[in-house]
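Here the structure comes first, spelled out in structure tokens, and everything after it is commentary.
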Amino acid sequence: MSIRYLHRVFFPKSIAVFGDGEKEAALADVVLNNIMSAGYKGRIFPVCPETSVKGMTVCPDIKGIEGRIDLAVLSVSQFDLPEAILSCGKAGAAGAVIVSQAAFPSDFRNEILNIAKAADVRLIGPHSWGILNPMADLNAGFARQSVFPGELAVISQSSAICSTILDLSLCRKIGLCFMIGLGDMIDVDFADVIDYLTNNARVRAILLHIETLTNIRRFMSAARAAARIKPIIVLKTDRHQPAFSIIQGPTADRLNEISIYDTAFKRAGIIRVETVEGLFDCAELVSKKIRPKGANLVIITDSKTPGTMAVDALRDRGVTPAVLDDAAMASIDQILSTGWSRSNPVCTRSELEPEIFAQLVLFCQSLSDIDGVLVILSPQIINPESFAGVLSSSLQQIKIPVFVAWMGGDSVAPARRIMNDAGISTNETPERAVRAFMYLYNYDRNQRLLQEIPPRVVDYRFDDSRPRHIIMSAIERKSVQLTDIESLDILSAYGFPVIPAQTAGSEKDDASGGITMQPVLKHPDFRLVMGSRMIPDFGPVLFIGPGGGIEEIFRDWATGLPPLNSILARYMLESVPVLIRFIEAHSRDIKSSLRICEDLLIKLSRLVTDFPEIAAIDINSLMFTGNQACITDAGIIVAPSSTLPPLHLIISPYPNQYETAAATKRGLALLIRPMKPEDANLLQELWSTFSSRTLYYRFSKQIKELSAELLVSLTQIDYDREIALTAIQHTESGEKMLGVGRLYGSIGADIAEFSVVVGDPWQGLGIGAQLLSRLIFIATDRKIKTIWGLIQRENKNMIELARKLNFKIIGEPGDTQVEATLSIIP
């Protein structure tokens, strides 16, 4: 699966529409009529038993069509479908959209998928709604009317949701650039289409409706790559199913399907909405450049109850209104000559002039700890349209997000329209306005998480021989539940502070083998629970929450996906405000307690990454006293696994297997290892050694500085898509990065692009040869058949190195660049 042939599918120059059978022909007729009504300018060929359709010559089969077919739309019976796909392949079709509505058994789906692969044809569907692309005047589906051309792309599995979104876009005059109905996704899936749309400059945001996901690891890889470039907004339906796990019990209530999907969406930088309208609301909001940096919201309202409604909506999302200090209230006294609530919400009177509301918003902007303002207006405002005109004009220069909830119906609808047309998010209710604020806050928070550079920390590596012996011995004797001592022994091997329960409260050391003893905790300040569950399709899911017998009171646990670093572990904790408040209320040293939690979550992540055989971990008693923590009770359940690590994860971890010691021909000792997010500072130091010539050789253009965005993109690697190898020299002052080699390629593709750059002081020492040789090894390991790269013709040394490593050099005498290509024979 990849983006192979998708451009021909979405921008076809020729279309064949198959229809055979009474019901199937009726569907084909609808599609054919829509293609023609949209003004499609390419060639159209009906393929059916009739002699004429809509005045066009009909082909009884695709063999009679001259020239290549780009796209086929198939509305045929189950019996005829395999032959139709085969004929598409013979006609050179790039893809086929199966709009047939018959229920196909799973064995038959596998059969037609295998036929399509053999015929080299991409399949969309079955049960596809079709493809809508206004840029190509293409309506190869069931859209009954034309759309407003725009910049939003919609992908959905449901025909009903496609039609609903289309109607809503017309009602709200929102433009679309793509609408793609994926149906049952036996071939082309969300990951493929997201990858394609990411590289399309006309697409400003991607809207998804998801019922279920296949190959979640590929989806996460595609979504994480896209979310760095453009917003992805998802509506997930069928979201209240319990998450199936080998282990059930109290944890199952917290790890339901939507909580796990939410964890994955947040990690990918996706924002989830709850309604179809929310897709468009959020897409409009995230396109704005002004975003809240935090959740501190000031509410300004002309009546008390709507302000209370806004506070309730905030608290429902785990957020409290911003606190106004005495100085802030004194300043508001100067703006409001009459009485007000002297708290947040700032409750005023409805007869205030719009300029006064604008002054209040302007003052809030001056407060460093305020992230946004919500203005709530009631319908009793006299002359609302005039009021809206003055207020919207006054708010144009505000530099923090402003949201308006103008309550009421038709009488204030024109006023709301004036505000929205001025670029100010205006809704009918306080709850919807708060939801809009939280959409924007969560989106910005997810984006900052994607861009944040973690600090360099001690490498989390552990001797896994003892845990491996315990786990494999248990599986061999078919003992699913490990003993308490075995469970604690495994945790101890991974650096957890453990002590058997029978010694808690005692000053004696435990004599049991292998366990790391910690100071005894007689009267802990508080307790937490921590653990993991192996969830089908998602792999291990981590959790942490309040413990000590109050687990049933606090229903929300923080959840996360491995692998974790310090930033991701902190984000996981902060994602559940009630957990942070619980720790703050009971800890004597909040910073120390949070650091311990982060450290243990990273270790837990490392443990479940190394062992796909771990089905469940329950750390039932993680006790904290002062700046220390200790585990006295834990259980681990194991099960056989046919999946090798780390393929059981949905996010590719750091590939330790590609680390190797090396030495150049000049005798320079190196560590060749993959790039880590923590390497940002090392890369900055290497960058400072690049001359303008070296930068030109590497990027084919002059890059004056290493921007923060470029630094993140070069160091935060999706190891499923790209490998960035660093040449590291160990010095007395620490590690020094001397060069970088990269291998880029789509997931599942058998071709990849390479690049190599070495700092100017170390060029000519053989570092580039070491990096490129290692890239060839990795390409072979990943079953890549061809690697290629563009080299500036002036870069004689790189061209000579490529020749020595058996690359074929291709280029005309006048070309400024040559292409180096290597065919890899396994």
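Note on naming: chains are A, B, ... as they come in the structure tokens, residues start from 1 per chain, ligands start from 1 in the order shown.
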Can you list, as a ChimeraX atom specification, all residues belonging to range 553-685 of chain A that DSSP tags as alpha helix (DSSP H)?
-> /A:566-574,577-586,590-610,680-685
Just write the chosen residues, C-alpha atoms, as a PDB file, in the first residue's frame.
```
ATOM      1  CA  SER A 566      10.541  12.732  28.864  1.00  0.00           C
ATOM      2  CA  ILE A 567       8.346  15.194  26.939  1.00  0.00           C
ATOM      3  CA  LEU A 568       5.823  12.547  25.917  1.00  0.00           C
ATOM      4  CA  ALA A 569       5.699  11.156  29.466  1.00  0.00           C
ATOM      5  CA  ARG A 570       5.056  14.639  30.874  1.00  0.00           C
ATOM      6  CA  TYR A 571       2.386  15.277  28.247  1.00  0.00           C
ATOM      7  CA  MET A 572       0.735  11.977  29.182  1.00  0.00           C
ATOM      8  CA  LEU A 573       0.524  13.056  32.828  1.00  0.00           C
ATOM      9  CA  GLU A 574      -0.731  16.546  32.011  1.00  0.00           C
ATOM     10  CA  PRO A 577      -5.768  17.529  34.973  1.00  0.00           C
ATOM     11  CA  VAL A 578      -7.453  15.630  37.839  1.00  0.00           C
ATOM     12  CA  LEU A 579      -4.357  13.404  38.101  1.00  0.00           C
ATOM     13  CA  ILE A 580      -2.051  16.417  38.364  1.00  0.00           C
ATOM     14  CA  ARG A 581      -4.335  17.998  40.974  1.00  0.00           C
ATOM     15  CA  PHE A 582      -4.342  14.737  42.944  1.00  0.00           C
ATOM     16  CA  ILE A 583      -0.534  14.631  43.001  1.00  0.00           C
ATOM     17  CA  GLU A 584      -0.310  18.336  43.876  1.00  0.00           C
ATOM     18  CA  ALA A 585      -2.739  17.851  46.778  1.00  0.00           C
ATOM     19  CA  HIS A 586      -0.770  15.009  48.366  1.00  0.00           C
ATOM     20  CA  ILE A 590       5.491  18.019  43.418  1.00  0.00           C
ATOM     21  CA  LYS A 591       8.403  18.474  40.983  1.00  0.00           C
ATOM     22  CA  SER A 592      10.176  15.409  42.324  1.00  0.00           C
ATOM     23  CA  SER A 593       6.991  13.321  42.225  1.00  0.00           C
ATOM     24  CA  LEU A 594       6.299  14.273  38.613  1.00  0.00           C
ATOM     25  CA  ARG A 595       9.917  13.531  37.620  1.00  0.00           C
ATOM     26  CA  ILE A 596       9.618  10.086  39.208  1.00  0.00           C
ATOM     27  CA  CYS A 597       6.370   9.446  37.320  1.00  0.00           C
ATOM     28  CA  GLU A 598       7.980  10.481  34.042  1.00  0.00           C
ATOM     29  CA  ASP A 599      10.983   8.255  34.695  1.00  0.00           C
ATOM     30  CA  LEU A 600       8.862   5.214  35.525  1.00  0.00           C
ATOM     31  CA  LEU A 601       6.602   5.710  32.527  1.00  0.00           C
ATOM     32  CA  ILE A 602       9.661   5.765  30.234  1.00  0.00           C
ATOM     33  CA  LYS A 603      10.934   2.558  31.857  1.00  0.00           C
ATOM     34  CA  LEU A 604       7.512   0.942  31.507  1.00  0.00           C
ATOM     35  CA  SER A 605       7.483   1.979  27.853  1.00  0.00           C
ATOM     36  CA  ARG A 606      10.894   0.409  27.346  1.00  0.00           C
ATOM     37  CA  LEU A 607       9.796  -2.844  29.007  1.00  0.00           C
ATOM     38  CA  VAL A 608       6.659  -3.359  26.890  1.00  0.00           C
ATOM     39  CA  THR A 609       8.605  -2.342  23.770  1.00  0.00           C
ATOM     40  CA  ASP A 610      11.144  -5.098  24.374  1.00  0.00           C
ATOM     41  CA  ALA A 680      19.063  18.704  18.094  1.00  0.00           C
ATOM     42  CA  ASN A 681      21.972  20.494  19.784  1.00  0.00           C
ATOM     43  CA  LEU A 682      24.530  18.172  18.169  1.00  0.00           C
ATOM     44  CA  LEU A 683      23.012  18.837  14.748  1.00  0.00           C
ATOM     45  CA  GLN A 684      23.091  22.582  15.369  1.00  0.00           C
ATOM     46  CA  GLU A 685      26.809  22.342  16.177  1.00  0.00           C
TER      47      GLU A 685
END
```
Counting only C-alpha atoms, closest pick from A:Gly150, A:Pro134, A:Pro321, A:Gly409 relative to Leu374 in chain A is A:Pro321
Non-local contacts of Leu528 in chain A (6 Å; only C-alpha atoms; under 4 positions in same chain excluded) as a ChimeraX atom specification = /A:545-547,622
Saved selection, atoms kept: all heavy atoms, as a PDB file, in the first residue's frame:
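Saved file out.pdb follows:
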```pdb
ATOM      1  N   GLY A 545      -2.770   6.369  37.141  1.00  0.00           N
ATOM      2  CA  GLY A 545      -3.860   7.087  37.785  1.00  0.00           C
ATOM      3  C   GLY A 545      -3.747   7.011  39.298  1.00  0.00           C
ATOM      4  O   GLY A 545      -2.867   6.334  39.845  1.00  0.00           O
ATOM      5  N   PRO A 546      -4.621   7.729  40.016  1.00  0.00           N
ATOM      6  CA  PRO A 546      -4.618   7.684  41.481  1.00  0.00           C
ATOM      7  C   PRO A 546      -4.873   6.269  41.986  1.00  0.00           C
ATOM      8  O   PRO A 546      -5.627   5.501  41.387  1.00  0.00           O
ATOM      9  CB  PRO A 546      -5.760   8.630  41.875  1.00  0.00           C
ATOM     10  CG  PRO A 546      -5.948   9.520  40.688  1.00  0.00           C
ATOM     11  CD  PRO A 546      -5.637   8.654  39.506  1.00  0.00           C
ATOM     12  N   GLY A 547      -4.240   5.921  43.099  1.00  0.00           N
ATOM     13  CA  GLY A 547      -4.420   4.594  43.691  1.00  0.00           C
ATOM     14  C   GLY A 547      -4.731   4.689  45.176  1.00  0.00           C
ATOM     15  O   GLY A 547      -5.277   5.689  45.640  1.00  0.00           O
ATOM     16  N   LEU A 622       2.141   1.858  43.878  1.00  0.00           N
ATOM     17  CA  LEU A 622       3.298   2.731  43.673  1.00  0.00           C
ATOM     18  C   LEU A 622       3.204   3.835  44.717  1.00  0.00           C
ATOM     19  O   LEU A 622       2.389   4.747  44.603  1.00  0.00           O
ATOM     20  CB  LEU A 622       3.277   3.299  42.249  1.00  0.00           C
ATOM     21  CG  LEU A 622       4.318   4.362  41.901  1.00  0.00           C
ATOM     22  CD1 LEU A 622       5.728   3.875  42.157  1.00  0.00           C
ATOM     23  CD2 LEU A 622       4.147   4.819  40.450  1.00  0.00           C
TER      24      LEU A 622
END
```
Using only C-alpha atoms, the residue out of A:Asp29, A:Phe543, A:Ile776, A:Phe18 with shortest distance to Cys48 in chain A is A:Phe18
One-decimal distance in Å that lies between CA of Val529 in chain A and CA of Leu564 in chain A =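 These atoms are spaced 18.1 Å apart.
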Exercise: Ala191 in chain A partners within 8 Å, only C-alpha atoms, chain neighbours under 5 positions left out, as an MDAnalysis selection string = chainID A and resid 2 218:223
Please produce a file of those selected residues containing N, CA and C atoms, as an mmCIF file, in the first residue's frame.
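Contents of the output file selection-v3.cif:
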```
data_model
loop_
_atom_site.group_PDB
_atom_site.id
_atom_site.type_symbol
_atom_site.label_atom_id
_atom_site.label_comp_id
_atom_site.auth_asym_id
_atom_site.auth_seq_id
_atom_site.Cartn_x
_atom_site.Cartn_y
_atom_site.Cartn_z
ATOM 1 N N SER A 2 0.526 2.211 -0.845
ATOM 2 C CA SER A 2 1.312 3.437 -0.953
ATOM 3 C C SER A 2 0.483 4.420 -1.777
ATOM 4 N N ARG A 218 0.577 2.181 10.021
ATOM 5 C CA ARG A 218 0.728 2.987 8.802
ATOM 6 C C ARG A 218 -0.084 4.268 8.909
ATOM 7 N N PHE A 219 -1.275 4.173 9.484
ATOM 8 C CA PHE A 219 -2.086 5.374 9.666
ATOM 9 C C PHE A 219 -1.362 6.390 10.540
ATOM 10 N N MET A 220 -0.794 5.934 11.657
ATOM 11 C CA MET A 220 -0.101 6.843 12.565
ATOM 12 C C MET A 220 1.092 7.490 11.873
ATOM 13 N N SER A 221 1.809 6.720 11.085
ATOM 14 C CA SER A 221 2.969 7.264 10.385
ATOM 15 C C SER A 221 2.544 8.352 9.401
ATOM 16 N N ALA A 222 1.488 8.073 8.620
ATOM 17 C CA ALA A 222 1.011 9.055 7.645
ATOM 18 C C ALA A 222 0.462 10.291 8.339
ATOM 19 N N ALA A 223 -0.333 10.086 9.401
ATOM 20 C CA ALA A 223 -0.959 11.215 10.088
ATOM 21 C C ALA A 223 0.078 12.093 10.776
#
```
Could you name the residues that touch Ala283 in chain A at 12 Å or less, counting only C-alpha atoms, but leaving out those on the same chain fewer than 6 positions away, as number ranges by chain?
-> A: 151-154, 174-176, 203-208, 230-235, 270-273, 276-277, 425, 436, 439-440, 443
Selection near range 400-408 of chain A, 6 Å with only C-alpha atoms, sequence-local residues under 6 positions removed, as number ranges by chain = A: 290-291, 372-379, 425-430, 433
I need the residues from that last selection saved to file as a short mmCIF file (atom, residue, chain, number, x, y, z; two decimals), in the first residue's frame (with all heavy atoms), if you can.
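result15.cif, freshly written:
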```
data_model
loop_
_atom_site.label_atom_id
_atom_site.label_comp_id
_atom_site.auth_asym_id
_atom_site.auth_seq_id
_atom_site.Cartn_x
_atom_site.Cartn_y
_atom_site.Cartn_z
N ILE A 290 -3.78 33.08 14.90
CA ILE A 290 -3.75 33.39 16.33
C ILE A 290 -4.32 32.20 17.09
O ILE A 290 -5.48 31.82 16.90
CB ILE A 290 -4.56 34.66 16.63
CG1 ILE A 290 -4.02 35.85 15.83
CG2 ILE A 290 -4.54 34.97 18.12
CD1 ILE A 290 -4.82 37.12 16.00
N ARG A 291 -3.50 31.61 17.95
CA ARG A 291 -3.92 30.43 18.70
C ARG A 291 -3.57 30.60 20.17
O ARG A 291 -2.57 31.25 20.50
CB ARG A 291 -3.24 29.17 18.15
CG ARG A 291 -3.61 28.87 16.71
CD ARG A 291 -2.78 27.74 16.16
NE ARG A 291 -3.06 27.52 14.73
CZ ARG A 291 -2.29 26.82 13.93
NH1 ARG A 291 -1.18 26.27 14.40
NH2 ARG A 291 -2.61 26.67 12.67
N GLY A 372 -6.99 33.67 26.09
CA GLY A 372 -8.12 33.87 25.20
C GLY A 372 -9.27 34.54 25.92
O GLY A 372 -9.29 34.60 27.16
N VAL A 373 -10.21 35.06 25.14
CA VAL A 373 -11.37 35.77 25.71
C VAL A 373 -12.63 35.24 25.03
O VAL A 373 -12.67 35.09 23.80
CB VAL A 373 -11.26 37.29 25.51
CG1 VAL A 373 -12.51 37.99 26.07
CG2 VAL A 373 -10.00 37.84 26.18
N LEU A 374 -13.65 34.98 25.85
CA LEU A 374 -14.97 34.62 25.34
C LEU A 374 -15.94 35.73 25.72
O LEU A 374 -16.11 36.05 26.90
CB LEU A 374 -15.43 33.29 25.95
CG LEU A 374 -16.91 32.92 25.75
CD1 LEU A 374 -17.27 32.87 24.26
CD2 LEU A 374 -17.23 31.60 26.43
N VAL A 375 -16.56 36.33 24.72
CA VAL A 375 -17.57 37.37 24.93
C VAL A 375 -18.94 36.74 24.70
O VAL A 375 -19.20 36.19 23.62
CB VAL A 375 -17.37 38.55 23.98
CG1 VAL A 375 -18.47 39.59 24.17
CG2 VAL A 375 -15.99 39.19 24.20
N ILE A 376 -19.81 36.82 25.72
CA ILE A 376 -21.16 36.26 25.60
C ILE A 376 -22.16 37.41 25.57
O ILE A 376 -22.18 38.26 26.47
CB ILE A 376 -21.48 35.31 26.78
CG1 ILE A 376 -20.41 34.22 26.90
CG2 ILE A 376 -22.85 34.68 26.60
CD1 ILE A 376 -20.59 33.30 28.10
N LEU A 377 -22.97 37.43 24.52
CA LEU A 377 -23.97 38.49 24.34
C LEU A 377 -25.36 37.87 24.30
O LEU A 377 -25.57 36.82 23.69
CB LEU A 377 -23.69 39.25 23.04
CG LEU A 377 -22.30 39.89 22.92
CD1 LEU A 377 -22.09 40.45 21.52
CD2 LEU A 377 -22.12 40.98 23.96
N SER A 378 -26.31 38.54 24.95
CA SER A 378 -27.69 38.06 24.99
C SER A 378 -28.50 38.69 23.85
O SER A 378 -28.09 39.70 23.27
CB SER A 378 -28.32 38.42 26.34
OG SER A 378 -28.31 39.82 26.53
N PRO A 379 -29.65 38.12 23.54
CA PRO A 379 -30.42 38.63 22.40
C PRO A 379 -31.12 39.96 22.64
O PRO A 379 -31.66 40.55 21.70
CB PRO A 379 -31.46 37.52 22.15
CG PRO A 379 -31.57 36.80 23.45
CD PRO A 379 -30.24 36.89 24.09
N SER A 425 -14.74 34.13 15.45
CA SER A 425 -15.54 32.93 15.64
C SER A 425 -16.74 33.24 16.52
O SER A 425 -16.59 33.58 17.70
CB SER A 425 -14.68 31.84 16.30
OG SER A 425 -15.45 30.70 16.60
N THR A 426 -17.94 33.14 15.96
CA THR A 426 -19.16 33.50 16.66
C THR A 426 -20.16 32.35 16.58
O THR A 426 -20.48 31.87 15.48
CB THR A 426 -19.78 34.77 16.07
OG1 THR A 426 -18.79 35.82 16.09
CG2 THR A 426 -20.99 35.22 16.87
N ASN A 427 -20.65 31.90 17.74
CA ASN A 427 -21.55 30.77 17.83
C ASN A 427 -22.85 31.16 18.53
O ASN A 427 -22.97 32.26 19.08
CB ASN A 427 -20.88 29.62 18.58
CG ASN A 427 -19.67 29.08 17.84
OD1 ASN A 427 -19.80 28.34 16.88
ND2 ASN A 427 -18.47 29.47 18.27
N GLU A 428 -23.80 30.22 18.55
CA GLU A 428 -25.11 30.51 19.11
C GLU A 428 -25.17 30.31 20.62
O GLU A 428 -26.04 30.86 21.28
CB GLU A 428 -26.17 29.61 18.46
CG GLU A 428 -26.32 29.79 16.97
CD GLU A 428 -25.38 28.87 16.19
OE1 GLU A 428 -24.45 28.31 16.81
OE2 GLU A 428 -25.58 28.73 14.97
N THR A 429 -24.26 29.48 21.18
CA THR A 429 -24.33 29.15 22.61
C THR A 429 -22.97 29.24 23.26
O THR A 429 -21.93 29.08 22.59
CB THR A 429 -24.88 27.72 22.80
OG1 THR A 429 -23.92 26.78 22.25
CG2 THR A 429 -26.23 27.54 22.12
N PRO A 430 -22.92 29.46 24.58
CA PRO A 430 -21.64 29.45 25.29
C PRO A 430 -20.93 28.11 25.18
O PRO A 430 -19.69 28.07 25.06
CB PRO A 430 -22.04 29.76 26.73
CG PRO A 430 -23.35 30.46 26.64
CD PRO A 430 -24.04 29.86 25.46
N ALA A 433 -19.13 27.83 21.91
CA ALA A 433 -17.97 28.73 21.89
C ALA A 433 -16.82 28.16 22.70
O ALA A 433 -15.65 28.23 22.29
CB ALA A 433 -18.38 30.10 22.41
#
```
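A straight line drawn from CA of Thr198 in chain A to CA of Ile3 in chain A is 10.9 Å long.
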Residues of range 657-741 of chain A in strand (DSSP E), written as a PyMOL selection string = chain A and resi 660-663+669-674+722-731+734-741
Those same residues - N, CA, C and O atoms - I'd like them written as a compact mmCIF listing (two decimals), in the first residue's frame.
```txt
# COMPACT_ATOMS: atom_id res chain seq x y z
N THR A 660 26.23 0.81 15.19
CA THR A 660 27.41 0.00 14.94
C THR A 660 28.66 0.85 15.15
O THR A 660 28.66 2.06 14.86
N ALA A 661 29.69 0.21 15.66
CA ALA A 661 31.00 0.87 15.75
C ALA A 661 31.69 0.75 14.41
O ALA A 661 31.58 -0.26 13.71
N ALA A 662 32.40 1.80 14.02
CA ALA A 662 33.06 1.80 12.72
C ALA A 662 34.36 2.57 12.82
O ALA A 662 34.60 3.34 13.76
N ALA A 663 35.22 2.34 11.83
CA ALA A 663 36.48 3.09 11.74
C ALA A 663 36.74 3.40 10.27
O ALA A 663 36.55 2.54 9.40
N ALA A 669 37.77 6.58 14.72
CA ALA A 669 36.77 5.72 15.36
C ALA A 669 35.43 6.46 15.44
O ALA A 669 35.38 7.62 15.88
N LEU A 670 34.38 5.78 15.03
CA LEU A 670 33.05 6.39 14.98
C LEU A 670 32.00 5.45 15.57
O LEU A 670 32.18 4.23 15.57
N LEU A 671 30.94 6.04 16.04
CA LEU A 671 29.71 5.30 16.31
C LEU A 671 28.70 5.75 15.26
O LEU A 671 28.34 6.93 15.20
N ILE A 672 28.28 4.83 14.43
CA ILE A 672 27.24 5.13 13.44
C ILE A 672 25.91 4.70 14.07
O ILE A 672 25.71 3.51 14.36
N ARG A 673 25.04 5.66 14.30
CA ARG A 673 23.75 5.34 14.94
C ARG A 673 22.64 6.22 14.38
O ARG A 673 22.91 7.30 13.83
N PRO A 674 21.39 5.77 14.52
CA PRO A 674 20.27 6.59 14.04
C PRO A 674 20.14 7.90 14.83
O PRO A 674 20.53 7.98 16.00
N GLU A 722 11.79 6.89 7.31
CA GLU A 722 13.09 7.51 7.05
C GLU A 722 14.10 6.98 8.06
O GLU A 722 13.76 6.67 9.20
N ILE A 723 15.31 6.85 7.61
CA ILE A 723 16.42 6.58 8.53
C ILE A 723 17.43 7.71 8.35
O ILE A 723 17.86 8.01 7.24
N ALA A 724 17.78 8.35 9.46
CA ALA A 724 18.84 9.35 9.47
C ALA A 724 19.95 8.80 10.33
O ALA A 724 19.77 8.58 11.54
N LEU A 725 21.09 8.52 9.72
CA LEU A 725 22.24 8.00 10.46
C LEU A 725 23.21 9.13 10.78
O LEU A 725 23.45 10.01 9.95
N THR A 726 23.74 9.10 11.99
CA THR A 726 24.72 10.09 12.40
C THR A 726 26.07 9.43 12.61
O THR A 726 26.14 8.29 13.07
N ALA A 727 27.12 10.13 12.24
CA ALA A 727 28.49 9.69 12.53
C ALA A 727 28.94 10.42 13.78
O ALA A 727 29.11 11.64 13.76
N ILE A 728 29.09 9.68 14.89
CA ILE A 728 29.37 10.27 16.19
C ILE A 728 30.81 9.96 16.61
O ILE A 728 31.26 8.81 16.54
N GLN A 729 31.51 11.00 17.03
CA GLN A 729 32.84 10.83 17.62
C GLN A 729 32.74 11.12 19.11
O GLN A 729 32.16 12.13 19.52
N HIS A 730 33.28 10.21 19.92
CA HIS A 730 33.28 10.42 21.36
C HIS A 730 34.54 11.20 21.76
O HIS A 730 35.66 10.80 21.44
N THR A 731 34.33 12.32 22.42
CA THR A 731 35.43 13.17 22.87
C THR A 731 35.36 13.33 24.38
O THR A 731 34.41 12.88 25.03
N GLY A 734 32.21 14.96 25.41
CA GLY A 734 30.96 14.31 25.06
C GLY A 734 30.90 13.95 23.59
O GLY A 734 31.92 13.86 22.91
N GLU A 735 29.71 13.74 23.09
CA GLU A 735 29.52 13.33 21.70
C GLU A 735 29.64 14.52 20.76
O GLU A 735 29.22 15.61 21.07
N LYS A 736 30.21 14.25 19.59
CA LYS A 736 30.29 15.25 18.52
C LYS A 736 29.78 14.60 17.24
O LYS A 736 30.22 13.51 16.87
N MET A 737 28.85 15.28 16.57
CA MET A 737 28.30 14.77 15.32
C MET A 737 29.15 15.30 14.17
O MET A 737 29.33 16.51 14.03
N LEU A 738 29.65 14.36 13.34
CA LEU A 738 30.54 14.74 12.25
C LEU A 738 29.86 14.70 10.88
O LEU A 738 30.33 15.33 9.93
N GLY A 739 28.77 13.94 10.76
CA GLY A 739 28.09 13.83 9.47
C GLY A 739 26.76 13.13 9.64
O GLY A 739 26.48 12.51 10.67
N VAL A 740 25.93 13.23 8.58
CA VAL A 740 24.59 12.63 8.60
C VAL A 740 24.30 12.02 7.24
O VAL A 740 24.59 12.63 6.20
N GLY A 741 23.74 10.82 7.25
CA GLY A 741 23.25 10.18 6.03
C GLY A 741 21.78 9.86 6.19
O GLY A 741 21.34 9.47 7.27
```
With only C-alpha atoms as the basis for distance, which of A:Ala94, A:Leu561, A:Ile335, A:Leu86 is at the shortest distance from Ile69 in chain A?
-> A:Ala94
What is the CA of Gly130 in chain A to CA of Val99 in chain A distance in Å?
->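 Here the two named atoms are 6.9 Å from each other.
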Using only C-alpha atoms, find the one residue out of A:Ala779, A:Leu27, A:Ile15, A:Leu644 that sits nearest to Ala102 in chain A.
->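 Of all the options, A:Leu27 lies closest to Ala102 in chain A.
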Would you kindly return, as number ranges by chain, each protein, DNA or RNA residue with an atom no farther than 12 Å from any atom of Met472 in chain A, considering only C-alpha atoms and excluding same-chain residues fewer than 2 positions away?
-> A: 464-470, 474-480, 482, 486, 611-614, 637-641
